[in-house]
$ cat input.cif   # mmCIF, C-alpha atoms and all ligand atoms
data_work
#
loop_
_atom_site.label_atom_id
_atom_site.label_comp_id
_atom_site.auth_asym_id
_atom_site.auth_seq_id
_atom_site.Cartn_x
_atom_site.Cartn_y
_atom_site.Cartn_z
CA MET A 228 17.53 275.21 -97.22
CA LYS A 229 18.14 274.85 -100.92
CA TYR A 230 17.21 271.17 -101.17
CA LEU A 231 13.74 269.87 -102.06
CA PRO A 232 11.58 268.38 -99.27
CA ILE A 233 12.58 264.86 -98.21
CA ASP A 234 9.96 262.12 -97.81
CA ARG A 235 9.34 262.11 -94.05
CA ALA A 236 8.78 258.33 -94.20
CA LEU A 237 12.59 258.16 -93.92
CA PHE A 238 12.68 259.93 -90.55
CA ILE A 239 9.63 258.07 -89.23
CA LYS A 240 11.32 254.77 -90.07
CA ASN A 241 14.65 255.87 -88.58
CA ARG A 242 13.00 256.74 -85.24
CA LYS A 243 11.10 253.46 -85.23
CA ASN A 244 14.36 251.55 -85.77
CA PHE A 245 16.10 253.50 -83.02
CA MET A 246 13.28 253.05 -80.52
CA ALA A 247 13.20 249.30 -81.20
CA GLN A 248 16.72 249.16 -79.73
CA MET A 249 15.94 251.10 -76.54
CA LYS A 250 15.69 249.49 -73.10
CA PRO A 251 12.37 249.51 -71.19
CA LYS A 252 11.41 252.81 -69.50
CA SER A 253 14.12 254.79 -71.25
CA VAL A 254 14.22 258.20 -72.86
CA ALA A 255 16.68 259.50 -75.47
CA PHE A 256 17.68 263.09 -76.27
CA PHE A 257 19.26 264.53 -79.42
CA ASN A 258 20.40 268.13 -79.84
CA SER A 259 21.07 270.45 -82.75
CA ASN A 260 24.54 271.83 -83.21
CA ASP A 261 25.32 275.33 -82.06
CA ILE A 262 25.79 278.13 -84.53
CA TYR A 263 29.51 278.67 -84.05
CA PRO A 264 30.71 282.23 -83.40
CA VAL A 265 33.61 283.87 -85.23
CA SER A 266 33.92 287.15 -83.32
CA ALA A 267 31.81 290.27 -82.77
CA ASP A 268 28.41 289.19 -84.14
CA SER A 269 29.79 287.02 -86.96
CA THR A 270 28.96 283.35 -87.14
CA LEU A 271 29.81 280.35 -89.30
CA PRO A 272 27.01 278.99 -91.49
CA PHE A 273 24.83 276.56 -89.54
CA GLU A 274 25.50 272.84 -89.96
CA GLN A 275 22.91 270.57 -88.40
CA HIS A 276 24.06 267.68 -86.20
CA ARG A 277 23.61 264.65 -88.41
CA ASP A 278 21.95 262.50 -85.72
CA ILE A 279 18.98 264.78 -85.02
CA PHE A 280 18.68 265.31 -88.76
CA TYR A 281 18.70 261.55 -89.39
CA LEU A 282 15.96 261.01 -86.81
CA SER A 283 13.74 264.00 -87.63
CA GLY A 284 14.75 265.93 -90.75
CA VAL A 285 14.82 269.06 -88.59
CA ASP A 286 17.53 271.28 -90.05
CA GLN A 287 17.36 274.14 -87.57
CA GLU A 288 19.43 275.33 -84.63
CA GLU A 289 18.30 275.09 -80.97
CA SER A 290 16.14 272.02 -81.59
CA VAL A 291 15.85 269.01 -79.29
CA LEU A 292 14.36 265.63 -80.18
CA VAL A 293 13.07 263.31 -77.45
CA LEU A 294 12.22 259.63 -77.95
CA PHE A 295 10.39 257.84 -75.12
CA PRO A 296 8.77 254.65 -76.50
CA ASP A 297 7.25 253.62 -73.13
CA ALA A 298 5.89 257.08 -72.27
CA PRO A 299 2.65 256.71 -70.29
CA GLU A 300 1.14 259.46 -72.44
CA GLU A 301 1.19 258.47 -76.10
CA LYS A 302 1.80 262.05 -77.20
CA HIS A 303 5.13 261.97 -75.36
CA ARG A 304 6.62 259.03 -77.31
CA GLU A 305 8.15 261.47 -79.78
CA ILE A 306 8.62 265.14 -78.98
CA LEU A 307 10.32 268.07 -80.68
CA PHE A 308 11.32 271.20 -78.82
CA LEU A 309 11.86 274.13 -81.17
CA LYS A 310 12.73 277.77 -81.01
CA GLU A 311 9.46 279.69 -80.94
CA THR A 312 8.34 281.32 -84.14
CA ASN A 313 5.32 283.34 -85.20
CA GLU A 314 4.56 285.92 -87.87
CA HIS A 315 6.14 288.71 -85.86
CA ILE A 316 9.35 286.78 -85.06
CA ALA A 317 9.57 285.66 -88.71
CA VAL A 318 9.85 289.30 -89.82
CA TRP A 319 13.08 289.65 -87.82
CA GLU A 320 14.56 286.17 -87.89
CA GLY A 321 13.31 284.80 -91.21
CA GLU A 322 11.34 281.68 -91.73
CA LYS A 323 11.68 279.07 -88.95
CA LEU A 324 9.76 275.85 -88.44
CA THR A 325 6.18 276.33 -87.29
CA LYS A 326 4.60 273.43 -85.42
CA GLU A 327 2.75 272.46 -88.61
CA LYS A 328 5.88 272.64 -90.76
CA ALA A 329 7.82 270.64 -88.17
CA PHE A 330 5.18 267.92 -88.40
CA GLU A 331 5.28 267.96 -92.21
CA THR A 332 9.06 267.62 -92.12
CA SER A 333 9.42 264.99 -89.41
CA GLY A 334 6.07 263.27 -88.88
CA ILE A 335 6.27 264.21 -85.18
CA LYS A 336 2.91 265.38 -83.82
CA THR A 337 4.04 266.78 -80.47
CA VAL A 338 5.97 270.01 -80.88
CA TYR A 339 6.63 272.35 -77.94
CA TRP A 340 8.46 275.64 -77.87
CA LEU A 341 11.79 275.62 -76.13
CA GLN A 342 10.58 277.60 -73.12
CA ASP A 343 8.49 274.58 -72.06
CA MET A 344 11.36 272.12 -72.31
CA LYS A 345 12.60 271.94 -68.71
CA ARG A 346 9.08 271.53 -67.34
CA VAL A 347 8.24 268.73 -69.78
CA ILE A 348 11.60 267.01 -69.27
CA ALA A 349 10.96 266.94 -65.49
CA GLU A 350 7.77 265.02 -66.20
CA LEU A 351 9.51 262.56 -68.58
CA MET A 352 12.39 261.96 -66.19
CA ALA A 353 9.98 261.11 -63.37
CA GLN A 354 8.44 258.47 -65.66
CA SER A 355 11.71 256.89 -66.86
CA GLU A 356 14.68 255.01 -65.42
CA THR A 357 17.32 255.12 -68.14
CA VAL A 358 18.46 258.04 -70.22
CA TYR A 359 20.21 257.64 -73.58
CA ILE A 360 22.88 260.23 -74.12
CA ASN A 361 24.53 260.92 -77.45
CA THR A 362 28.32 260.86 -77.20
CA ASN A 363 30.62 261.09 -80.22
CA GLU A 364 32.50 257.79 -80.59
CA HIS A 365 33.45 258.07 -84.24
CA TYR A 366 36.85 256.46 -84.86
CA ARG A 367 38.24 259.63 -86.41
CA ALA A 368 36.60 262.18 -84.09
CA ASN A 369 38.84 264.73 -82.40
CA VAL A 370 36.61 267.40 -80.89
CA GLU A 371 37.90 270.21 -78.67
CA THR A 372 34.70 272.25 -78.64
CA GLU A 373 31.96 271.71 -76.09
CA THR A 374 29.01 270.98 -78.35
CA ARG A 375 25.41 271.75 -77.51
CA GLU A 376 24.90 268.00 -77.07
CA VAL A 377 27.69 267.83 -74.49
CA ARG A 378 26.36 270.88 -72.60
CA PHE A 379 22.87 269.39 -72.54
CA THR A 380 24.20 266.02 -71.32
CA LYS A 381 26.14 267.68 -68.48
CA TRP A 382 23.03 269.55 -67.41
CA LEU A 383 20.85 266.44 -67.59
CA LYS A 384 23.23 264.22 -65.61
CA GLU A 385 23.65 266.84 -62.92
CA LYS A 386 19.93 267.51 -62.62
CA TYR A 387 18.92 263.80 -62.74
CA PRO A 388 21.83 261.87 -61.20
CA ALA A 389 19.76 258.82 -60.24
CA HIS A 390 19.04 257.74 -63.83
CA ARG A 391 20.95 254.91 -65.47
CA VAL A 392 22.84 256.09 -68.53
CA ALA A 393 22.90 254.31 -71.89
CA LYS A 394 24.65 255.14 -75.17
CA SER A 395 22.86 256.18 -78.35
CA ASN A 396 26.02 256.17 -80.39
CA PRO A 397 26.43 252.44 -81.14
CA ILE A 398 22.76 252.20 -82.14
CA LEU A 399 23.15 255.15 -84.49
CA GLN A 400 26.46 253.90 -85.88
CA ARG A 401 24.75 250.64 -86.87
CA LEU A 402 21.55 252.21 -88.20
CA ARG A 403 23.17 255.03 -90.11
CA SER A 404 25.72 252.74 -91.76
CA VAL A 405 23.02 250.88 -93.72
CA LYS A 406 21.25 253.27 -96.05
CA ASP A 407 17.54 253.41 -96.90
CA PRO A 408 16.67 253.72 -100.62
CA ILE A 409 15.58 257.33 -99.95
CA GLU A 410 19.08 258.03 -98.62
CA ILE A 411 20.71 256.31 -101.60
CA ASP A 412 18.70 258.65 -103.86
CA LEU A 413 19.93 261.68 -101.90
CA ILE A 414 23.55 260.52 -102.09
CA GLN A 415 23.05 259.82 -105.80
CA THR A 416 21.83 263.40 -106.22
CA ALA A 417 24.96 264.67 -104.46
CA CYS A 418 27.11 262.50 -106.78
CA ASN A 419 25.23 263.79 -109.85
CA ILE A 420 25.92 267.38 -108.79
CA THR A 421 29.60 266.49 -108.34
CA GLU A 422 29.55 265.02 -111.85
CA LYS A 423 28.25 268.32 -113.25
CA GLY A 424 31.06 270.16 -111.50
CA PHE A 425 33.66 267.76 -112.85
CA ARG A 426 32.38 267.96 -116.44
CA ARG A 427 32.40 271.74 -116.15
CA ILE A 428 36.04 271.93 -115.08
CA LEU A 429 37.18 269.51 -117.82
CA ASN A 430 36.33 272.32 -120.27
CA PHE A 431 38.01 274.91 -118.09
CA VAL A 432 41.40 273.57 -117.00
CA LYS A 433 44.44 274.67 -119.01
CA PRO A 434 48.04 275.61 -118.22
CA GLY A 435 48.22 278.78 -116.13
CA VAL A 436 44.87 278.36 -114.39
CA MET A 437 44.96 278.79 -110.60
CA GLU A 438 43.84 275.98 -108.31
CA TYR A 439 41.29 278.30 -106.65
CA GLU A 440 39.76 279.11 -110.04
CA ILE A 441 39.00 275.42 -110.44
CA GLU A 442 37.54 275.37 -106.91
CA ALA A 443 35.34 278.32 -107.88
CA GLU A 444 33.99 276.51 -110.96
CA PHE A 445 32.95 273.57 -108.81
CA MET A 446 31.26 275.86 -106.27
CA HIS A 447 29.37 277.69 -109.02
CA GLU A 448 28.01 274.41 -110.39
CA PHE A 449 27.16 273.06 -106.93
CA LEU A 450 25.18 276.12 -105.82
CA ARG A 451 23.14 276.32 -109.00
CA ASN A 452 22.06 272.71 -108.40
CA ARG A 453 20.58 273.15 -104.90
CA SER A 454 23.72 272.10 -103.03
CA LYS A 455 24.93 274.45 -100.31
CA GLY A 456 28.48 273.65 -101.42
CA PHE A 457 31.34 271.29 -100.70
CA ALA A 458 30.69 268.22 -98.56
CA TYR A 459 34.22 268.67 -97.12
CA THR A 460 37.09 271.08 -97.67
CA PRO A 461 38.06 270.50 -101.31
CA ILE A 462 41.55 269.48 -102.38
CA VAL A 463 42.68 270.97 -105.70
CA ALA A 464 46.32 269.92 -105.77
CA SER A 465 48.46 270.39 -108.86
CA GLY A 466 51.89 268.84 -109.36
CA LYS A 467 53.76 268.02 -106.19
CA ASN A 468 50.93 269.40 -103.99
CA ALA A 469 49.10 266.13 -104.63
CA ASN A 470 51.64 264.42 -102.38
CA VAL A 471 50.42 266.44 -99.40
CA LEU A 472 47.40 264.32 -98.51
CA HIS A 473 45.49 267.11 -96.78
CA TYR A 474 46.49 269.95 -99.11
CA ILE A 475 43.64 272.49 -98.97
CA GLU A 476 45.41 275.77 -99.76
CA ASN A 477 44.40 275.54 -103.43
CA ASN A 478 46.40 278.69 -104.24
CA GLN A 479 49.01 277.57 -106.79
CA GLU A 480 49.21 277.89 -110.57
CA CYS A 481 48.58 274.70 -112.57
CA LYS A 482 51.57 274.13 -114.82
CA ASP A 483 51.87 272.56 -118.25
CA GLY A 484 52.84 268.89 -117.91
CA ASP A 485 51.59 268.54 -114.33
CA LEU A 486 48.63 266.56 -113.06
CA ILE A 487 45.91 267.97 -110.79
CA LEU A 488 44.43 265.81 -108.05
CA LEU A 489 40.82 266.90 -107.40
CA ASP A 490 39.27 265.50 -104.22
CA VAL A 491 35.99 267.39 -104.43
CA GLY A 492 32.40 266.44 -103.59
CA ALA A 493 29.09 268.28 -103.41
CA GLU A 494 26.71 267.92 -100.50
CA TYR A 495 22.99 267.66 -101.08
CA ALA A 496 20.41 267.81 -98.25
CA ASN A 497 23.28 267.24 -95.78
CA TYR A 498 24.32 264.07 -97.61
CA SER A 499 27.88 263.90 -98.94
CA SER A 500 29.49 262.71 -102.08
CA ASP A 501 33.23 262.06 -102.07
CA MET A 502 35.02 261.99 -105.42
CA THR A 503 38.64 262.09 -106.52
CA ARG A 504 39.84 262.40 -110.09
CA THR A 505 43.36 263.18 -111.28
CA ILE A 506 43.60 264.99 -114.61
CA PRO A 507 46.40 266.43 -116.79
CA VAL A 508 46.68 270.24 -116.79
CA ASN A 509 47.32 270.31 -120.56
CA GLY A 510 44.75 267.66 -121.45
CA ARG A 511 47.20 264.78 -122.11
CA TYR A 512 48.78 262.38 -119.63
CA THR A 513 52.43 261.49 -120.28
CA LYS A 514 53.19 257.80 -120.81
CA ARG A 515 54.47 257.48 -117.23
CA GLN A 516 51.52 259.39 -115.75
CA LYS A 517 49.11 257.17 -117.67
CA ASP A 518 50.87 253.97 -116.56
CA VAL A 519 50.56 255.00 -112.91
CA TYR A 520 47.01 256.22 -113.48
CA ASN A 521 45.94 252.89 -114.94
CA ALA A 522 47.60 251.02 -112.08
CA VAL A 523 45.56 253.04 -109.55
CA LEU A 524 42.41 252.49 -111.60
CA ARG A 525 42.97 248.72 -111.70
CA VAL A 526 43.42 248.65 -107.92
CA LYS A 527 40.22 250.65 -107.52
CA ASN A 528 38.25 248.32 -109.79
CA GLU A 529 39.57 245.16 -108.15
CA ALA A 530 39.17 246.53 -104.61
CA THR A 531 35.54 247.45 -105.36
CA LYS A 532 34.71 243.81 -106.07
CA LEU A 533 35.78 242.92 -102.52
CA LEU A 534 33.05 245.11 -101.02
CA VAL A 535 30.40 242.44 -100.49
CA PRO A 536 28.32 241.39 -97.47
CA GLY A 537 30.46 239.70 -94.85
CA THR A 538 33.77 241.39 -95.74
CA LEU A 539 35.75 242.65 -92.75
CA TRP A 540 37.19 246.12 -93.19
CA LYS A 541 40.58 245.13 -91.79
CA GLU A 542 40.97 242.03 -93.97
CA TYR A 543 39.80 244.03 -97.00
CA HIS A 544 42.69 246.42 -96.46
CA VAL A 545 45.14 243.51 -96.37
CA GLU A 546 43.80 242.30 -99.73
CA VAL A 547 43.98 245.76 -101.28
CA GLY A 548 47.57 245.97 -100.01
CA LYS A 549 48.38 242.86 -102.08
CA LEU A 550 46.80 244.38 -105.21
CA MET A 551 48.78 247.57 -104.70
CA THR A 552 52.02 245.70 -104.04
CA SER A 553 51.73 243.92 -107.37
CA GLU A 554 51.12 247.19 -109.24
CA LEU A 555 54.04 248.95 -107.54
CA LEU A 556 56.34 246.06 -108.47
CA ASN A 557 55.24 246.36 -112.12
CA LEU A 558 55.84 250.12 -112.06
CA GLY A 559 59.35 249.56 -110.68
CA LEU A 560 58.61 251.62 -107.59
CA ILE A 561 59.36 248.80 -105.15
CA THR A 562 61.44 245.62 -105.57
CA LYS A 563 60.83 241.99 -104.65
CA ALA A 564 63.48 242.40 -101.96
CA ASP A 565 61.51 245.33 -100.49
CA VAL A 566 58.48 243.05 -100.24
CA GLN A 567 60.40 240.08 -98.83
CA ASN A 568 61.96 242.25 -96.13
CA GLU A 569 58.86 244.32 -95.39
CA ASN A 570 57.67 245.14 -91.88
CA PRO A 571 54.22 243.49 -91.57
CA ASP A 572 53.02 246.54 -89.59
CA TRP A 573 54.08 248.92 -92.38
CA PRO A 574 54.30 246.91 -95.65
CA ALA A 575 56.46 248.11 -98.53
CA TYR A 576 53.49 249.43 -100.54
CA LYS A 577 52.79 252.01 -97.80
CA LYS A 578 55.73 254.06 -99.04
CA TYR A 579 53.55 255.07 -102.03
CA PHE A 580 50.04 254.42 -100.68
CA MET A 581 49.90 255.41 -97.04
CA HIS A 582 46.17 255.95 -96.37
CA GLY A 583 43.12 253.70 -96.10
CA THR A 584 41.23 252.53 -99.19
CA SER A 585 37.64 252.92 -98.01
CA HIS A 586 35.43 254.59 -95.44
CA HIS A 587 31.70 254.67 -94.86
CA MET A 588 30.04 257.62 -96.63
CA GLY A 589 26.68 259.28 -96.03
CA LEU A 590 25.42 262.12 -93.84
CA ASP A 591 29.02 262.52 -92.74
CA THR A 592 31.71 262.18 -95.39
CA HIS A 593 33.57 259.83 -93.05
CA ASP A 594 30.28 258.32 -92.00
CA TYR A 595 29.15 256.15 -89.12
CA GLY A 596 29.83 252.42 -89.21
CA LEU A 597 31.40 249.97 -86.75
CA LEU A 598 34.52 248.85 -88.56
CA TRP A 599 34.93 245.56 -86.68
CA GLU A 600 31.50 244.34 -87.80
CA PRO A 601 31.09 242.63 -91.22
CA MET A 602 29.93 244.69 -94.19
CA LYS A 603 26.24 244.58 -95.12
CA ALA A 604 24.11 245.28 -98.17
CA GLY A 605 23.05 248.94 -98.24
CA MET A 606 26.31 250.27 -96.83
CA VAL A 607 27.95 253.02 -98.88
CA PHE A 608 31.73 253.04 -99.08
CA THR A 609 34.31 255.06 -100.92
CA VAL A 610 37.04 253.24 -102.85
CA GLU A 611 40.06 255.49 -103.09
CA PRO A 612 43.48 254.03 -103.75
CA GLY A 613 46.35 256.32 -104.68
CA ILE A 614 50.00 256.28 -105.64
CA TYR A 615 52.03 259.28 -104.51
CA ILE A 616 55.52 259.74 -105.98
CA PRO A 617 57.14 262.91 -104.62
CA GLU A 618 60.39 262.13 -106.48
CA GLU A 619 58.47 262.30 -109.78
CA GLY A 620 56.46 265.39 -108.82
CA PHE A 621 52.98 263.91 -108.94
CA GLY A 622 50.44 261.90 -107.00
CA ILE A 623 47.36 260.09 -108.31
CA ARG A 624 44.20 259.14 -106.43
CA ILE A 625 40.92 257.93 -107.87
CA GLU A 626 37.83 257.75 -105.66
CA ASP A 627 34.29 256.53 -106.28
CA ASP A 628 31.34 255.96 -103.92
CA VAL A 629 29.62 252.56 -104.10
CA VAL A 630 26.67 250.77 -102.47
CA ILE A 631 27.10 247.17 -101.30
CA GLN A 632 24.49 244.85 -102.86
CA LYS A 633 22.97 241.65 -101.47
CA THR A 634 24.72 239.71 -104.24
CA GLY A 635 27.18 240.64 -106.93
CA ASP A 636 29.38 243.68 -107.37
CA PRO A 637 28.65 246.97 -105.59
CA PHE A 638 26.57 249.61 -107.36
CA ASN A 639 28.73 252.55 -108.38
CA LEU A 640 27.04 255.89 -107.59
CA MET A 641 29.75 257.59 -109.69
CA ARG A 642 29.36 255.32 -112.74
CA ASN A 643 28.66 258.37 -114.95
CA ILE A 644 31.65 260.44 -113.85
CA PRO A 645 34.43 260.13 -116.45
CA ILE A 646 37.26 258.00 -115.12
CA GLU A 647 39.11 256.29 -118.01
CA ALA A 648 42.25 258.26 -118.94
CA ASN A 649 41.28 258.31 -122.63
CA GLU A 650 37.78 259.60 -121.90
CA ILE A 651 39.16 262.39 -119.72
CA GLU A 652 41.62 263.34 -122.48
CA ASP A 653 38.88 263.34 -125.12
CA LEU A 654 36.63 265.57 -123.02
CA MET A 655 39.47 267.97 -122.25
CA ASN A 656 40.40 268.31 -125.91
CA ARG A 657 36.96 268.82 -127.37
N1 LIG A 701 37.74 263.74 -99.08
C1 LIG A 701 37.99 263.03 -97.89
C2 LIG A 701 38.31 261.65 -98.14
O1 LIG A 701 38.50 261.26 -99.27
O2 LIG A 701 38.33 260.85 -97.25
MN MN A 702 37.78 262.22 -101.00
MN MN A 703 37.09 259.60 -99.12
#

$ encode --input "input.cif" --output "structure tokens" --more "lines below"
Ligand code: GLY
Ligand code: MN
Ligand code: MN
Amino acid sequence: MKYLPIDRALFIKNRKNFMAQMKPKSVAFFNSNDIYPVSADSTLPFEQHRDIFYLSGVDQEESVLVLFPDAPEEKHREILFLKETNEHIAVWEGEKLTKEKAFETSGIKTVYWLQDMKRVIAELMAQSETVYINTNEHYRANVETETREVRFTKWLKEKYPAHRVAKSNPILQRLRSVKDPIEIDLIQTACNITEKGFRRILNFVKPGVMEYEIEAEFMHEFLRNRSKGFAYTPIVASGKNANVLHYIENNQECKDGDLILLDVGAEYANYSSDMTRTIPVNGRYTKRQKDVYNAVLRVKNEATKLLVPGTLWKEYHVEVGKLMTSELLNLGLITKADVQNENPDWPAYKKYFMHGTSHHMGLDTHDYGLLWEPMKAGMVFTVEPGIYIPEEGFGIRIEDDVVIQKTGDPFNLMRNIPIEANEIEDLMNR
């Protein structure tokens, strides 16, 4: 891990909040992700499952967290099962969590090695009636792989068929959507690293540069600041590529006169940042590019003000649609007749702005949060309107990450990342 130790008070509090929601005589299990194979003995870099991380801070494969608030034995209220390590194993496998280190990280006193897990689980299952399993119910999830969590759940249900089953996911979706101040600091750190990357590339971009060279500059800056890299696959899309919403090839030359859409964010300690800026390759926006840019920026600024406690995600999107409609009319991209005749299920503005404006952001870039429940203070959202005009060869998106406050406007975690067209031009021409 490149990140600095996290205050374990966060994980202690997260477990306490989760356990407060559990039914009597119930036990909950949370698994690490697998290390995914490529072929032969190659593997992808390990990415911890965000739920076990959120509840324990354990950032290691083959770990299992158990929560059993009504356990007859106090030491079994919170348990970690970890891959065994000792000085000899460490020589071959590198540093893994010792029982002491696992306690320091998580605040969990009872740590067993994995080989004791089935025996201990048999004891816990005999003492409980309900088991919480951790299914993935994220609104955007589309998982083909059998995760370690799913394998474990299959095994558990087959071995203990008489237990009632309950869902961890809605509890976690609610808890994880409202961030603790320690989490806000971690997300702020991720945003600050993204800022460094962005300032670096403003001095680097010029006609003829390749999109992947810009990607490399970001990566360089991220790694030297304790990030393991991109929070999501970066989009470095020059010219017409910006109109492909999920363009990730990043292999084209940036041409004089074009814009580059950069949807790039650093991770820090498994927390994401999610930024988009759209900059001119040659350091100057054309009049038309600047007019569209400022329209997107106005929508972003006005939309942000709507992110207050009580707002419903769906109604928010209707309001942002109205803001965007007015800007597109002013830009001459749609007509009043288009708006009068629009299909309510696919309003006229969708021709130029076809994606959502905001999503929860945190341990996952598209983070947990139940979208039909009202917004609350402490939630972190992106605000990311865009206008994409294939017929004019460019697309513009601007994206910031903000925290909803109890009262007043949201707090912008990206307030220091240059965003005004004139400021970007000045920095590029220094
Ligand atoms: N970068 C992913 C998103 O903006 O949602
Ligand atoms: Mn983004
Ligand atoms: Mn986003």

$ closest_residue --input "input.cif" --among "A:Met588, A:Ala349, A:Val358, A:Leu402" --to "ligand LIG 701 (chain A)" --atoms "only C-alpha atoms and all ligand atoms"
A:Met588

$ axis_aligned_box --input "input.cif" --around "ligand LIG 701 (chain A)" --padding-each-side "3 Å" --output "JSON"
{"center_x": 38.1, "center_y": 262.3, "center_z": -98.3, "size_x": 6.8, "size_y": 8.9, "size_z": 8.0}

$ residues_near_ligand --input "input.cif" --ligand "ligand LIG 701 (chain A)" --cutoff "7 Å" --atoms "all atoms listed in the file" --output "ChimeraX atom specification"
/A:459,490-491,501,592-593

$ closest_residue --input "input.cif" --among "A:Ile651, A:Gln479, A:Val607, A:Ile462" --to "ligand MN 702 (chain A)" --atoms "only C-alpha atoms and all ligand atoms"
A:Ile462

$ closest_residue --input "input.cif" --among "A:Gln632, A:Gln354, A:Glu611, A:Met641" --to "ligand MN 702 (chain A)" --atoms "only C-alpha atoms and all ligand atoms"
A:Glu611

$ residues_near_ligand --input "input.cif" --ligand "ligand MN 703 (chain A)" --cutoff "9 Å" --atoms "only C-alpha atoms and all ligand atoms" --output "JSON list (two decimals) with C-alpha atoms, in the coordinates of the input"
[["chain", "number", "residue", "atom", "x", "y", "z"],
["A", 490, "ASP", "CA", 39.27, 265.50, -104.22],
["A", 500, "SER", "CA", 29.49, 262.71, -102.08],
["A", 501, "ASP", "CA", 33.23, 262.06, -102.07],
["A", 502, "MET", "CA", 35.02, 261.99, -105.42],
["A", 503, "THR", "CA", 38.64, 262.09, -106.52],
["A", 583, "GLY", "CA", 43.12, 253.70, -96.10],
["A", 584, "THR", "CA", 41.23, 252.53, -99.19],
["A", 585, "SER", "CA", 37.64, 252.92, -98.01],
["A", 586, "HIS", "CA", 35.43, 254.59, -95.44],
["A", 587, "HIS", "CA", 31.70, 254.67, -94.86],
["A", 588, "MET", "CA", 30.04, 257.62, -96.63],
["A", 592, "THR", "CA", 31.71, 262.18, -95.39],
["A", 593, "HIS", "CA", 33.57, 259.83, -93.05],
["A", 608, "PHE", "CA", 31.73, 253.04, -99.08],
["A", 609, "THR", "CA", 34.31, 255.06, -100.92],
["A", 610, "VAL", "CA", 37.04, 253.24, -102.85],
["A", 611, "GLU", "CA", 40.06, 255.49, -103.09],
["A", 626, "GLU", "CA", 37.83, 257.75, -105.66],
["A", 627, "ASP", "CA", 34.29, 256.53, -106.28],
["A", 628, "ASP", "CA", 31.34, 255.96, -103.92]]

$ atom_distance --input "input.cif" --atom1 "CA of Ala469 (chain A)" --atom2 "CA of Asp485 (chain A)"
10.3 Å

$ residues_around --input "input.cif" --residues "region 405-420 of chain A" --least-positions-apart "3" --cutoff "6 Å" --atoms "all atoms listed in the file" --output "list in words"
Leu402, Lys423, Ala493, Glu494, Tyr495, Tyr498, Ser500, Gly605, Met606 and Leu640 of chain A

$ closest_residue --input "input.cif" --among "A:Asn521, A:Asn452, A:Thr460, A:Asn369" --to "Ile625 (chain A)" --atoms "all atoms listed in the file"
A:Asn521

$ closest_residue --input "input.cif" --among "A:Ser454, A:Thr362, A:Gln287, A:Asn643" --to "Gln275 (chain A)" --atoms "only C-alpha atoms"
A:Gln287

$ atom_distance --input "input.cif" --atom1 "CA of Arg375 (chain A)" --atom2 "CA of Ala267 (chain A)"
20.3 Å

$ residues_around --input "input.cif" --residues "Asp591 (chain A)" --least-positions-apart "6" --cutoff "9 Å" --atoms "only C-alpha atoms" --output "mmCIF file with C-alpha atoms, in the coordinates of the input"
data_model
loop_
_atom_site.group_PDB
_atom_site.id
_atom_site.type_symbol
_atom_site.label_atom_id
_atom_site.label_comp_id
_atom_site.auth_asym_id
_atom_site.auth_seq_id
_atom_site.Cartn_x
_atom_site.Cartn_y
_atom_site.Cartn_z
ATOM 1 C CA ARG A 277 23.610 264.650 -88.410
ATOM 2 C CA ALA A 458 30.690 268.220 -98.560
ATOM 3 C CA ASN A 497 23.280 267.240 -95.780
ATOM 4 C CA TYR A 498 24.320 264.070 -97.610
ATOM 5 C CA SER A 499 27.880 263.900 -98.940
#

$ residues_around --input "input.cif" --residues "Trp340 (chain A)" --least-positions-apart "5" --cutoff "8 Å" --atoms "only C-alpha atoms" --output "PyMOL selection string"
chain A and resi 308-311

$ residues_near_point --input "input.cif" --point "(51.4, 241.9, -94.6)" --cutoff "12 Å" --atoms "all atoms listed in the file" --output "PyMOL selection string"
chain A and resi 541-542+544-552+566-577

$ residues_near_point --input "input.cif" --point "(40.3, 243.6, -108.2)" --cutoff "12 Å" --atoms "all atoms listed in the file" --output "list of chain:residue names"
A:Ala522, A:Val523, A:Leu524, A:Arg525, A:Val526, A:Lys527, A:Asn528, A:Glu529, A:Ala530, A:Thr531, A:Lys532, A:Leu533, A:Leu534, A:Tyr543, A:Glu546, A:Val547, A:Gly548, A:Lys549, A:Leu550, A:Met551, A:Ser553, A:Glu554, A:Val610, A:Pro612, A:Asp636

$ write_last_selection --input "input.cif" --atoms "C-alpha atoms" --output "short mmCIF file (atom, residue, chain, number, x, y, z; two decimals), in the frame of the given file"
data_model
loop_
_atom_site.label_atom_id
_atom_site.label_comp_id
_atom_site.auth_asym_id
_atom_site.auth_seq_id
_atom_site.Cartn_x
_atom_site.Cartn_y
_atom_site.Cartn_z
CA ALA A 522 47.60 251.02 -112.08
CA VAL A 523 45.56 253.04 -109.55
CA LEU A 524 42.41 252.49 -111.60
CA ARG A 525 42.97 248.72 -111.70
CA VAL A 526 43.42 248.65 -107.92
CA LYS A 527 40.22 250.65 -107.52
CA ASN A 528 38.25 248.32 -109.79
CA GLU A 529 39.57 245.16 -108.15
CA ALA A 530 39.17 246.53 -104.61
CA THR A 531 35.54 247.45 -105.36
CA LYS A 532 34.71 243.81 -106.07
CA LEU A 533 35.78 242.92 -102.52
CA LEU A 534 33.05 245.11 -101.02
CA TYR A 543 39.80 244.03 -97.00
CA GLU A 546 43.80 242.30 -99.73
CA VAL A 547 43.98 245.76 -101.28
CA GLY A 548 47.57 245.97 -100.01
CA LYS A 549 48.38 242.86 -102.08
CA LEU A 550 46.80 244.38 -105.21
CA MET A 551 48.78 247.57 -104.70
CA SER A 553 51.73 243.92 -107.37
CA GLU A 554 51.12 247.19 -109.24
CA VAL A 610 37.04 253.24 -102.85
CA PRO A 612 43.48 254.03 -103.75
CA ASP A 636 29.38 243.68 -107.37
#
